[in-house]
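Pasted below: structure.cif, mmCIF, C-alpha atoms and all ligand atoms.
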data_my_file
loop_
_atom_site.label_atom_id
_atom_site.label_comp_id
_atom_site.auth_asym_id
_atom_site.auth_seq_id
_atom_site.Cartn_x
_atom_site.Cartn_y
_atom_site.Cartn_z
CA MET A 18 74.33 -52.76 -50.96
CA ASP A 19 70.72 -51.82 -50.38
CA CYS A 20 69.56 -48.21 -50.39
CA LYS A 21 68.86 -48.16 -46.66
CA LEU A 22 72.46 -49.04 -45.87
CA ALA A 23 73.62 -46.55 -48.47
CA VAL A 24 71.70 -43.71 -46.76
CA SER A 25 73.16 -44.71 -43.42
CA LEU A 26 76.67 -44.57 -44.94
CA MET A 27 75.90 -41.12 -46.38
CA HIS A 28 75.27 -39.84 -42.88
CA GLU A 29 78.45 -41.44 -41.61
CA TYR A 30 80.26 -39.75 -44.46
CA LEU A 31 78.84 -36.37 -43.46
CA ASP A 32 79.84 -37.05 -39.85
CA GLY A 33 83.37 -37.63 -41.10
CA ASP A 34 83.27 -41.15 -39.76
CA LEU A 35 83.23 -43.22 -42.94
CA LEU A 36 86.15 -45.58 -43.51
CA ASP A 37 87.91 -45.60 -46.89
CA GLU A 38 86.60 -48.98 -47.95
CA GLU A 39 83.06 -48.03 -47.00
CA THR A 40 83.45 -44.83 -48.99
CA ASP A 41 84.36 -46.91 -52.01
CA GLU A 42 81.32 -49.12 -51.52
CA LEU A 43 79.08 -46.09 -51.21
CA LYS A 44 80.53 -44.56 -54.36
CA GLN A 45 79.86 -47.75 -56.19
CA HIS A 46 76.24 -47.78 -55.06
CA LEU A 47 75.77 -44.13 -56.00
CA ALA A 48 77.07 -44.86 -59.45
CA GLU A 49 74.38 -47.47 -59.87
CA CYS A 50 71.42 -45.89 -58.07
CA SER A 51 70.00 -42.56 -59.23
CA GLU A 52 67.61 -42.30 -56.28
CA CYS A 53 70.49 -42.44 -53.81
CA ARG A 54 72.46 -39.96 -55.91
CA VAL A 55 69.65 -37.44 -55.45
CA ALA A 56 69.39 -38.19 -51.75
CA PHE A 57 73.15 -37.81 -51.28
CA LYS A 58 73.23 -34.49 -53.10
CA GLN A 59 70.35 -33.19 -50.99
CA LEU A 60 71.94 -34.35 -47.75
CA GLU A 61 75.23 -32.75 -48.64
CA GLN A 62 73.49 -29.47 -49.47
CA THR A 63 71.47 -29.60 -46.28
CA ASP A 64 74.67 -30.12 -44.33
CA MET A 65 76.36 -27.20 -46.06
CA LEU A 66 73.37 -24.90 -45.62
CA LEU A 67 73.19 -25.70 -41.93
CA PHE A 68 76.82 -24.77 -41.41
CA ALA A 69 76.48 -21.73 -43.66
CA VAL A 70 73.55 -20.31 -41.75
CA ASN A 71 75.94 -19.94 -38.88
CA HIS A 72 77.68 -17.03 -40.46
CA ARG A 73 74.70 -14.81 -39.84
CA LYS A 74 74.06 -14.61 -36.18
CA PRO A 75 71.72 -12.22 -34.46
CA PRO A 76 73.59 -9.48 -32.61
CA VAL A 77 73.83 -9.89 -28.86
CA SER A 78 72.62 -7.05 -26.72
CA ASP A 79 75.51 -4.85 -25.55
CA GLU A 80 74.37 -4.55 -21.98
CA LEU A 81 73.85 -8.26 -21.53
CA THR A 82 77.07 -8.68 -19.55
CA ALA A 83 76.19 -5.80 -17.25
CA ARG A 84 72.72 -7.21 -16.74
CA ILE A 85 74.10 -10.64 -15.95
CA MET A 86 76.59 -9.24 -13.46
CA GLN A 87 73.83 -7.26 -11.78
CA SER A 88 71.58 -10.27 -11.55
CA LEU A 89 74.12 -12.22 -9.52
CA PRO A 90 73.47 -12.51 -5.79
CA LYS A 91 74.58 -9.16 -4.45
CA SER A 92 77.13 -9.92 -1.82
CA LYS A 93 79.59 -12.63 -1.16
CA GLN A 94 79.30 -11.86 2.53
CA THR A 95 78.25 -15.31 3.58
CA HIS A 96 81.24 -16.66 1.74
CA VAL A 97 83.48 -14.19 3.51
CA TRP A 98 81.92 -15.21 6.77
CA TRP A 99 82.52 -18.90 6.16
CA THR A 100 86.01 -18.31 4.88
CA TRP A 101 86.69 -16.39 8.05
CA LEU A 102 85.27 -19.28 10.04
CA LYS A 103 87.50 -21.76 8.32
CA ARG A 104 90.47 -19.68 9.37
CA HIS A 105 89.24 -19.51 12.95
CA PRO A 106 88.04 -23.03 13.66
CA ALA A 107 87.91 -22.44 17.42
CA LEU A 108 85.13 -19.97 16.89
CA THR A 109 83.13 -22.19 14.62
CA ALA A 110 80.85 -23.43 17.37
CA ALA A 111 80.13 -19.93 18.56
CA ALA A 112 79.48 -18.72 15.07
CA ALA A 113 77.25 -21.64 14.27
CA PHE A 114 75.32 -20.85 17.39
CA PHE A 115 75.06 -17.25 16.31
CA ILE A 116 73.64 -18.30 12.97
CA ILE A 117 71.16 -20.65 14.57
CA LEU A 118 70.08 -17.84 16.85
CA LEU A 119 69.57 -15.48 13.95
CA GLY A 120 67.55 -18.12 12.27
CA THR A 121 65.29 -18.62 15.27
CA LEU A 122 64.78 -15.00 16.21
CA PRO A 123 61.45 -14.49 14.47
CA LEU A 124 59.97 -17.14 16.71
CA TRP A 125 61.12 -15.22 19.72
CA ASN A 126 57.82 -14.43 21.31
CA GLU A 127 56.13 -17.66 20.44
CA GLY A 128 55.77 -20.49 22.88
CA PRO A 129 54.97 -19.85 26.50
CA GLU A 130 57.36 -22.42 27.99
CA MET A 131 59.65 -21.27 30.68
CA ILE A 132 63.18 -22.53 30.51
CA VAL A 133 65.43 -22.84 33.53
CA LYS A 134 69.12 -23.57 33.16
CA GLY A 135 71.61 -23.91 35.95
CA THR A 136 73.85 -26.12 37.97
CA ASP A 137 71.94 -26.85 41.18
CA LEU A 138 68.41 -26.96 39.96
CA ASP A 139 67.30 -29.24 42.77
CA GLN A 140 67.78 -26.24 45.02
CA VAL A 141 65.12 -24.17 43.28
CA VAL A 142 61.40 -24.22 43.73
CA ILE A 143 59.24 -23.63 40.70
CA GLU A 144 55.79 -22.19 41.16
CA GLY A 145 53.91 -21.34 38.00
CA ASN A 146 56.29 -19.16 36.01
CA SER A 147 58.35 -18.23 39.04
CA VAL A 148 61.68 -19.73 39.88
CA ILE A 149 62.35 -19.33 43.54
CA VAL A 150 65.65 -19.71 45.33
CA PRO A 151 64.42 -19.98 48.92
CA GLU A 152 66.23 -18.45 51.83
CA GLY A 153 68.98 -20.68 53.12
CA ARG A 154 69.48 -22.46 49.78
CA THR A 155 72.59 -22.08 47.67
CA ILE A 156 73.01 -22.42 43.96
CA ALA A 157 76.65 -23.19 43.28
CA GLY A 158 76.82 -21.74 39.79
CA ASN A 159 74.89 -19.75 37.23
CA LEU A 160 71.15 -19.58 36.93
CA THR A 161 69.42 -18.66 33.72
CA ILE A 162 65.70 -18.29 33.32
CA GLU A 163 63.85 -17.68 30.11
CA LYS A 164 60.27 -16.46 30.13
CA GLY A 165 59.92 -16.59 33.86
CA GLN A 166 60.32 -14.64 37.08
CA ALA A 167 63.34 -15.12 39.28
CA LYS A 168 62.71 -14.72 42.96
CA ILE A 169 65.94 -14.86 44.87
CA TYR A 170 65.84 -15.18 48.63
CA GLY A 171 68.90 -17.37 49.03
CA ASP A 172 72.45 -17.45 47.60
CA VAL A 173 73.62 -17.74 44.05
CA GLU A 174 77.32 -18.31 43.61
CA GLY A 175 77.32 -17.20 40.02
CA ASN A 176 75.37 -15.09 37.53
CA VAL A 177 71.64 -14.76 37.40
CA THR A 178 70.28 -14.06 33.98
CA VAL A 179 66.64 -13.58 33.13
CA ILE A 180 65.50 -13.40 29.56
CA ASP A 181 62.02 -12.09 28.91
CA GLY A 182 61.06 -12.08 32.52
CA GLY A 183 61.81 -10.32 35.74
CA ILE A 184 64.02 -10.54 38.81
CA PHE A 185 63.08 -10.04 42.40
CA GLN A 186 65.94 -9.93 44.87
CA ALA A 187 64.99 -10.17 48.51
CA SER A 188 67.11 -8.45 51.14
CA THR A 189 68.36 -11.87 52.11
CA ALA A 190 69.61 -12.62 48.60
CA HIS A 191 73.30 -12.98 47.83
CA ILE A 192 74.34 -13.11 44.23
CA SER A 193 78.08 -13.29 43.80
CA GLY A 194 78.07 -12.86 40.02
CA GLN A 195 76.29 -10.53 37.69
CA VAL A 196 72.57 -9.99 37.51
CA GLN A 197 71.23 -9.48 34.05
CA SER A 198 67.77 -8.99 32.76
CA ILE A 199 67.34 -9.21 29.05
CA ASN A 200 64.06 -8.45 27.38
CA GLN A 201 64.89 -7.79 23.81
CA SER A 202 65.92 -10.23 21.22
CA VAL A 203 68.82 -8.05 20.10
CA ASP A 204 70.19 -7.96 23.63
CA TRP A 205 69.70 -11.65 23.74
CA VAL A 206 71.83 -12.19 20.69
CA TRP A 207 74.64 -10.13 22.15
CA TYR A 208 74.28 -11.87 25.43
CA LYS A 209 74.53 -15.25 23.73
CA ILE A 210 77.50 -14.23 21.65
CA ALA A 211 79.35 -12.80 24.62
CA ASN A 212 78.47 -15.87 26.59
CA VAL A 213 79.52 -18.41 24.02
CA PHE A 214 82.64 -16.50 23.17
CA SER A 215 83.70 -16.45 26.78
CA GLU A 216 82.94 -20.14 27.02
CA VAL A 217 85.08 -20.77 23.97
CA ALA A 218 87.80 -18.58 25.37
CA SER A 219 87.92 -20.36 28.70
CA PRO A 220 89.62 -23.73 28.70
CA MET B 1 98.72 -26.06 -16.94
CA ASP B 2 95.37 -24.48 -16.40
CA ASN B 3 93.43 -23.17 -19.32
CA ILE B 4 91.93 -19.71 -19.20
CA GLU B 5 88.53 -20.87 -17.97
CA THR B 6 89.99 -22.87 -15.10
CA ARG B 7 92.06 -19.88 -14.03
CA LEU B 8 89.06 -17.57 -14.21
CA VAL B 9 86.96 -20.03 -12.23
CA LYS B 10 89.59 -20.14 -9.50
CA LEU B 11 89.70 -16.36 -9.30
CA ALA B 12 85.92 -16.06 -9.33
CA LEU B 13 85.73 -18.57 -6.49
CA LYS B 14 87.91 -16.24 -4.45
CA GLY B 15 85.31 -13.54 -5.01
CA ASP B 16 86.92 -11.81 -7.99
CA GLN B 17 83.93 -10.31 -9.82
CA ARG B 18 86.04 -9.24 -12.78
CA ALA B 19 87.10 -12.83 -13.38
CA PHE B 20 83.48 -13.87 -13.46
CA ALA B 21 82.69 -11.04 -15.87
CA GLU B 22 85.44 -12.45 -18.10
CA ILE B 23 83.73 -15.84 -18.07
CA VAL B 24 80.49 -14.09 -19.04
CA GLU B 25 82.26 -12.32 -21.91
CA LEU B 26 83.71 -15.60 -23.16
CA TYR B 27 80.43 -17.48 -23.26
CA LYS B 28 77.49 -15.09 -23.40
CA ASP B 29 77.32 -14.99 -27.19
CA LYS B 30 77.52 -18.75 -27.53
CA ILE B 31 74.80 -19.35 -24.98
CA PHE B 32 72.68 -16.56 -26.46
CA HIS B 33 72.84 -18.09 -29.93
CA LEU B 34 72.11 -21.50 -28.51
CA GLY B 35 69.05 -20.10 -26.75
CA TYR B 36 68.00 -18.03 -29.73
CA ARG B 37 68.12 -21.00 -32.08
CA MET B 38 66.46 -23.34 -29.62
CA LEU B 39 63.70 -20.98 -28.54
CA SER B 40 63.41 -18.61 -31.51
CA ASN B 41 62.85 -15.71 -29.21
CA ARG B 42 65.33 -13.00 -28.28
CA HIS B 43 63.89 -12.30 -24.86
CA GLU B 44 63.78 -15.91 -23.88
CA ALA B 45 67.29 -16.38 -25.19
CA GLU B 46 68.51 -13.52 -23.02
CA ASP B 47 66.69 -14.99 -20.04
CA VAL B 48 68.42 -18.29 -20.68
CA VAL B 49 71.81 -16.57 -20.82
CA GLN B 50 71.10 -14.84 -17.54
CA GLU B 51 69.86 -18.00 -15.85
CA THR B 52 72.80 -19.98 -17.17
CA PHE B 53 75.33 -17.60 -15.65
CA LEU B 54 73.41 -17.40 -12.42
CA ARG B 55 73.63 -21.19 -12.14
CA VAL B 56 77.27 -21.17 -13.10
CA TYR B 57 77.91 -18.56 -10.42
CA LYS B 58 76.03 -20.43 -7.72
CA ASN B 59 77.60 -23.76 -8.57
CA LEU B 60 81.10 -22.61 -9.35
CA ASP B 61 82.48 -24.51 -6.38
CA ARG B 62 81.00 -27.70 -7.79
CA TYR B 63 82.58 -27.33 -11.21
CA ASP B 64 84.74 -30.38 -11.83
CA GLN B 65 87.96 -29.15 -13.38
CA LYS B 66 88.59 -32.48 -15.04
CA GLN B 67 85.70 -31.64 -17.32
CA LYS B 68 85.87 -28.98 -20.01
CA PHE B 69 84.30 -25.74 -18.88
CA SER B 70 82.53 -25.37 -22.22
CA THR B 71 80.89 -28.78 -21.77
CA TRP B 72 79.66 -27.79 -18.34
CA ILE B 73 78.21 -24.44 -19.37
CA TYR B 74 76.66 -25.86 -22.54
CA ARG B 75 75.02 -28.54 -20.44
CA ILE B 76 73.49 -25.94 -18.13
CA GLY B 77 72.34 -23.77 -21.04
CA THR B 78 71.00 -26.69 -23.06
CA ASN B 79 69.02 -28.05 -20.13
CA LEU B 80 67.47 -24.65 -19.49
CA CYS B 81 66.41 -24.44 -23.14
CA ILE B 82 64.97 -27.94 -23.10
CA ASP B 83 63.02 -27.13 -19.93
CA ARG B 84 61.52 -24.09 -21.56
CA LEU B 85 60.59 -25.99 -24.70
CA ARG B 86 58.98 -28.67 -22.60
CA LYS B 87 56.88 -26.18 -20.69
CA ARG B 88 55.93 -24.38 -23.84
CA LYS B 89 54.12 -26.98 -25.86
CA PRO B 90 52.22 -30.14 -25.20
CA SER B 91 54.36 -33.21 -25.56
CA TYR B 92 53.86 -35.37 -28.59
CA SER B 93 55.61 -38.40 -29.91
CA LEU B 94 58.70 -37.27 -31.74
CA ASP B 95 59.28 -40.56 -33.41
CA ALA B 96 55.71 -40.81 -34.54
CA GLU B 97 56.08 -37.44 -36.17
CA LEU B 98 59.33 -38.32 -37.86
CA ASN B 99 57.88 -41.51 -39.21
CA ASP B 100 54.65 -39.94 -40.29
CA GLN B 101 55.01 -39.30 -43.99
CA ASP B 102 51.91 -37.10 -44.23
CA GLY B 103 52.35 -35.10 -41.08
CA THR B 104 55.80 -33.69 -41.67
CA ASP B 105 54.54 -30.15 -41.36
CA GLY B 106 56.01 -29.30 -37.99
CA TYR B 107 55.01 -25.65 -38.30
CA ALA B 108 51.60 -26.41 -36.96
CA LEU B 109 53.22 -27.43 -33.69
CA LEU B 110 54.82 -24.05 -33.15
CA PRO B 111 52.87 -21.44 -31.31
CA GLY B 112 52.73 -18.60 -33.83
CA ASP B 113 53.59 -15.75 -31.51
CA GLU B 114 56.79 -17.43 -30.37
CA ARG B 115 58.13 -17.24 -33.90
CA THR B 116 61.21 -15.14 -34.43
CA PRO B 117 60.78 -11.66 -35.72
CA GLU B 118 63.46 -12.41 -38.30
CA SER B 119 63.24 -8.87 -39.59
CA GLU B 120 65.40 -7.97 -36.60
CA TYR B 121 68.30 -8.83 -38.80
CA LEU B 122 68.09 -9.32 -42.50
CA LEU B 123 68.08 -12.84 -43.72
CA SER B 124 67.90 -14.35 -47.12
CA GLU B 125 64.91 -16.44 -47.96
CA THR B 126 67.05 -19.55 -47.74
CA GLN B 127 68.30 -18.66 -44.31
CA GLN B 128 64.79 -18.05 -43.10
CA LEU B 129 63.76 -21.35 -44.54
CA ILE B 130 66.57 -23.11 -42.69
CA HIS B 131 65.71 -21.40 -39.43
CA GLN B 132 62.08 -22.37 -39.79
CA ALA B 133 63.11 -25.91 -40.61
CA ILE B 134 65.25 -26.08 -37.48
CA ASP B 135 62.41 -24.58 -35.47
CA SER B 136 60.07 -27.26 -36.69
CA LEU B 137 62.34 -30.08 -35.52
CA PRO B 138 61.10 -32.04 -32.53
CA ASP B 139 62.95 -30.92 -29.40
CA LYS B 140 65.36 -33.79 -28.96
CA TYR B 141 66.54 -33.50 -32.56
CA LYS B 142 66.57 -29.73 -32.46
CA THR B 143 68.95 -29.80 -29.50
CA VAL B 144 71.57 -31.98 -31.18
CA MET B 145 71.23 -30.20 -34.51
CA VAL B 146 71.71 -26.78 -32.92
CA LEU B 147 74.70 -28.01 -30.96
CA ARG B 148 76.17 -29.70 -34.02
CA TYR B 149 75.58 -27.09 -36.71
CA LEU B 150 75.16 -23.78 -34.92
CA GLN B 151 77.58 -24.31 -32.06
CA GLU B 152 79.78 -26.59 -34.17
CA LEU B 153 80.36 -29.06 -31.38
CA SER B 154 81.68 -32.49 -32.29
CA LEU B 155 79.51 -35.55 -31.76
CA GLN B 156 81.74 -36.47 -28.83
CA GLU B 157 81.26 -33.05 -27.24
CA ILE B 158 77.50 -33.19 -27.72
CA SER B 159 77.47 -36.59 -26.07
CA GLU B 160 79.25 -35.08 -23.06
CA VAL B 161 76.95 -32.07 -22.92
CA MET B 162 73.83 -34.20 -23.17
CA ASP B 163 75.27 -36.98 -21.05
CA MET B 164 74.24 -39.55 -23.64
CA PRO B 165 76.17 -42.16 -25.62
CA VAL B 166 77.75 -40.96 -28.88
CA THR B 167 75.72 -43.58 -30.74
CA THR B 168 72.50 -41.96 -29.54
CA ILE B 169 73.72 -38.54 -30.61
CA LYS B 170 74.73 -39.93 -33.99
CA THR B 171 71.30 -41.45 -34.53
CA ARG B 172 69.67 -38.14 -33.66
CA VAL B 173 71.93 -36.18 -35.99
CA HIS B 174 71.15 -38.63 -38.81
CA ARG B 175 67.43 -38.44 -38.24
CA GLY B 176 67.51 -34.70 -37.78
CA ARG B 177 69.46 -34.27 -40.99
CA GLU B 178 67.01 -36.51 -42.82
CA PHE B 179 64.11 -34.50 -41.42
CA LEU B 180 65.68 -31.23 -42.54
CA ARG B 181 66.50 -32.62 -45.96
CA LYS B 182 62.83 -33.40 -46.48
CA LYS B 183 61.84 -29.97 -45.21
CA LEU B 184 64.28 -28.20 -47.50
CA GLU B 185 63.81 -30.55 -50.45
CA PRO B 186 61.71 -28.15 -52.53
CA LYS B 187 64.52 -25.61 -52.36
CA LEU B 188 67.43 -27.94 -53.04
ZN ZN C 1 70.14 -46.63 -53.64
#

Now, as a test, write the supplied structure out as structure tokens.
Amino acid sequence: MDCKLAVSLMHEYLDGDLLDEETDELKQHLAECSECRVAFKQLEQTDMLLFAVNHRKPPVSDELTARIMQSLPKSKQTHVWWTWLKRHPALTAAAAFFIILLGTLPLWNEGPEMIVKGTDLDQVVIEGNSVIVPEGRTIAGNLTIEKGQAKIYGDVEGNVTVIDGGIFQASTAHISGQVQSINQSVDWVWYKIANVFSEVASP
Amino acid sequence: MDNIETRLVKLALKGDQRAFAEIVELYKDKIFHLGYRMLSNRHEAEDVVQETFLRVYKNLDRYDQKQKFSTWIYRIGTNLCIDRLRKRKPSYSLDAELNDQDGTDGYALLPGDERTPESEYLLSETQQLIHQAIDSLPDKYKTVMVLRYLQELSLQEISEVMDMPVTTIKTRVHRGREFLRKKLEPKL
């Protein structure tokens, strides 16, 4: 056995992985080689010292646990929210919408585009930021306008909702549903929630 | 049958803060000593403990219960220590250093002010010498040596923590031991 192999076997011995026959071979080499005997003794002592140093460990700060617990994210509210959602799958869409809304709120006043939503949009006339329902025309459903003016001269067989805009109702106007004007983002959120929830609730 | 950690994890996942505090109690000392030995700095060690538990907390739902909890938390803690060591000093070739017969003085590589104020707790000269020797180990050897000797993990466990083959871990332990033997030689 050469010394290089002997050293390698010493490490295996210290790992507790040396087979009996290899141990015998190592012993035989150690008996013959004084250099390896010194190396083995040193390795064994190193090994023992390393384990022994373990018995003196620096004390751990007493308030460490408290500090760790305080450093954790404060509330589990989102988890509660999602758990609640999982139990009420029918509301998931509404809730997801709610979350998306909350996420987009800061952008509320940005972007000048007017948005018009409704069923019979071919019945409306759009001039600039005004949405006009001319006299004699009928919208068979809801009309929602964002960032625009509603000018109703004709009939709306549903709700008219204006968000960040205004409503003009002529004396000829007939609106069978509710008229709502929403100008604040908070109102908007509640409007959306109420709206989506009622959509979810209706078959 | 679930072991204690698995049960605590399940409770913590349901939002039980006391269960999580129990997990902290079980492992904070181990992770602190790991950090302390790896980084030789009490404050950094405490930071590592805090970061480790924060990660555990945030990733609790991703803990694979087929794996030992200790392996998982050691892996998180060890990786945080290695990251800090990496950021701390310029990289150099570990193998070159180990093979370099003249340049075995690893102390020069340690930034002086990061050295442990060992007076915090009384140590014998030999113990200080061992700590300094461990400190002077190149990072990849230091990690396995700390896990092996100070955390008393088996080679198999270290291989799971480090996600490396046992043979690689074995080689590193052998080389680390050889390095420390040479460092401690004058005292042996
Ligand atoms: Zn020999």

Practice item. With a cut-off of 6 Å and counting all atoms listed in the file, select all residues of chain B in contact with chain A and give the selection as a PyMOL selection string. Key: chain B and resi 50+54+149-150+174+181

**Study point:** Within 12 Å of A:His191 using all atoms listed in the file, minus same-chain residues under 5 positions, as number ranges by chain
**Key:** A: 150-157, 168-177, 185-186, 196

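Considering the residues A:Glu49, A:Asp137, A:Glu80, A:Glu42 and counting only C-alpha atoms and all ligand atoms, ligand ZN 1 (chain C) has its shortest atom-to-atom contact with A:Glu49.
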
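Near ligand ZN 1 (chain C), at distances of 6 Å or less and with all atoms listed in the file counted, sit the residues Cys20, Cys50, Glu52 and Cys53 of chain A.
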
Save the residues we just selected, C-alpha atoms, as a PDB file, in the frame of the given file?
ATOM      1  CA  CYS A  20      69.560 -48.210 -50.390  1.00  0.00           C
ATOM      2  CA  CYS A  50      71.420 -45.890 -58.070  1.00  0.00           C
ATOM      3  CA  GLU A  52      67.610 -42.300 -56.280  1.00  0.00           C
ATOM      4  CA  CYS A  53      70.490 -42.440 -53.810  1.00  0.00           C
TER       5      CYS A  53
END

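Take atom CA of B:Lys58 and atom CA of B:Ser70: the distance between them is 16.6 Å.
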
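Atom to atom, atom CA of B:Ile158 and atom CA of B:Gly35 stand 15.6 Å apart.
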
Quick one: axis-aligned box around all listed atoms of stretch 54-63 of chain A, 8 Å on every side, centre and edge lengths in Å to one decimal, written as lines of an AutoDock Vina configuration file.
center_x = 72.3
center_y = -34.7
center_z = -51.1
size_x = 21.8
size_y = 26.5
size_z = 25.6

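The residue that comes closest to A:Thr178, out of A:Ile143, A:Leu26, A:Ala190, A:Ile132 and on the basis of all atoms listed in the file, is A:Ile132.
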
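Going from atom CA of A:Gln195 to atom CA of A:Val142 covers 21.1 Å.
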
If I only have part of stretch 163-182 of chain B, can you fill in N, CA and C atoms and write it as a short mmCIF file (atom, residue, chain, number, x, y, z; two decimals), in the coordinates of the input?
data_model
loop_
_atom_site.label_atom_id
_atom_site.label_comp_id
_atom_site.auth_asym_id
_atom_site.auth_seq_id
_atom_site.Cartn_x
_atom_site.Cartn_y
_atom_site.Cartn_z
N ASP B 163 75.09 -35.82 -21.92
CA ASP B 163 75.27 -36.98 -21.05
C ASP B 163 74.57 -38.21 -21.64
N MET B 164 74.83 -38.42 -22.91
CA MET B 164 74.24 -39.55 -23.64
C MET B 164 75.33 -40.20 -24.47
N PRO B 165 75.16 -41.48 -24.80
CA PRO B 165 76.17 -42.16 -25.62
C PRO B 165 76.30 -41.51 -27.00
N VAL B 166 77.51 -41.55 -27.55
CA VAL B 166 77.75 -40.96 -28.88
C VAL B 166 76.82 -41.59 -29.92
N THR B 167 76.57 -42.89 -29.77
CA THR B 167 75.72 -43.58 -30.74
C THR B 167 74.32 -42.97 -30.78
N THR B 168 73.81 -42.59 -29.60
CA THR B 168 72.50 -41.96 -29.54
C THR B 168 72.52 -40.60 -30.25
N ILE B 169 73.59 -39.86 -29.98
CA ILE B 169 73.72 -38.54 -30.61
C ILE B 169 73.79 -38.69 -32.13
N LYS B 170 74.57 -39.67 -32.56
CA LYS B 170 74.73 -39.93 -33.99
C LYS B 170 73.38 -40.22 -34.64
N THR B 171 72.62 -41.10 -34.01
CA THR B 171 71.30 -41.45 -34.53
C THR B 171 70.43 -40.20 -34.67
N ARG B 172 70.50 -39.36 -33.63
CA ARG B 172 69.67 -38.14 -33.66
C ARG B 172 70.12 -37.18 -34.75
N VAL B 173 71.43 -37.07 -34.93
CA VAL B 173 71.93 -36.18 -35.99
C VAL B 173 71.46 -36.72 -37.34
N HIS B 174 71.56 -38.03 -37.53
CA HIS B 174 71.15 -38.63 -38.81
C HIS B 174 69.67 -38.39 -39.08
N ARG B 175 68.86 -38.61 -38.06
CA ARG B 175 67.43 -38.44 -38.24
C ARG B 175 67.06 -36.98 -38.40
N GLY B 176 67.75 -36.13 -37.65
CA GLY B 176 67.51 -34.70 -37.78
C GLY B 176 67.87 -34.19 -39.16
N ARG B 177 68.99 -34.68 -39.67
CA ARG B 177 69.46 -34.27 -40.99
C ARG B 177 68.47 -34.73 -42.07
N GLU B 178 68.00 -35.95 -41.88
CA GLU B 178 67.01 -36.51 -42.82
C GLU B 178 65.72 -35.69 -42.80
N PHE B 179 65.31 -35.32 -41.61
CA PHE B 179 64.11 -34.50 -41.42
C PHE B 179 64.27 -33.15 -42.13
N LEU B 180 65.44 -32.54 -41.93
CA LEU B 180 65.68 -31.23 -42.54
C LEU B 180 65.80 -31.34 -44.05
N ARG B 181 66.39 -32.43 -44.50
CA ARG B 181 66.50 -32.62 -45.96
C ARG B 181 65.11 -32.62 -46.58
N LYS B 182 64.19 -33.33 -45.94
CA LYS B 182 62.83 -33.40 -46.48
C LYS B 182 62.15 -32.04 -46.43
#
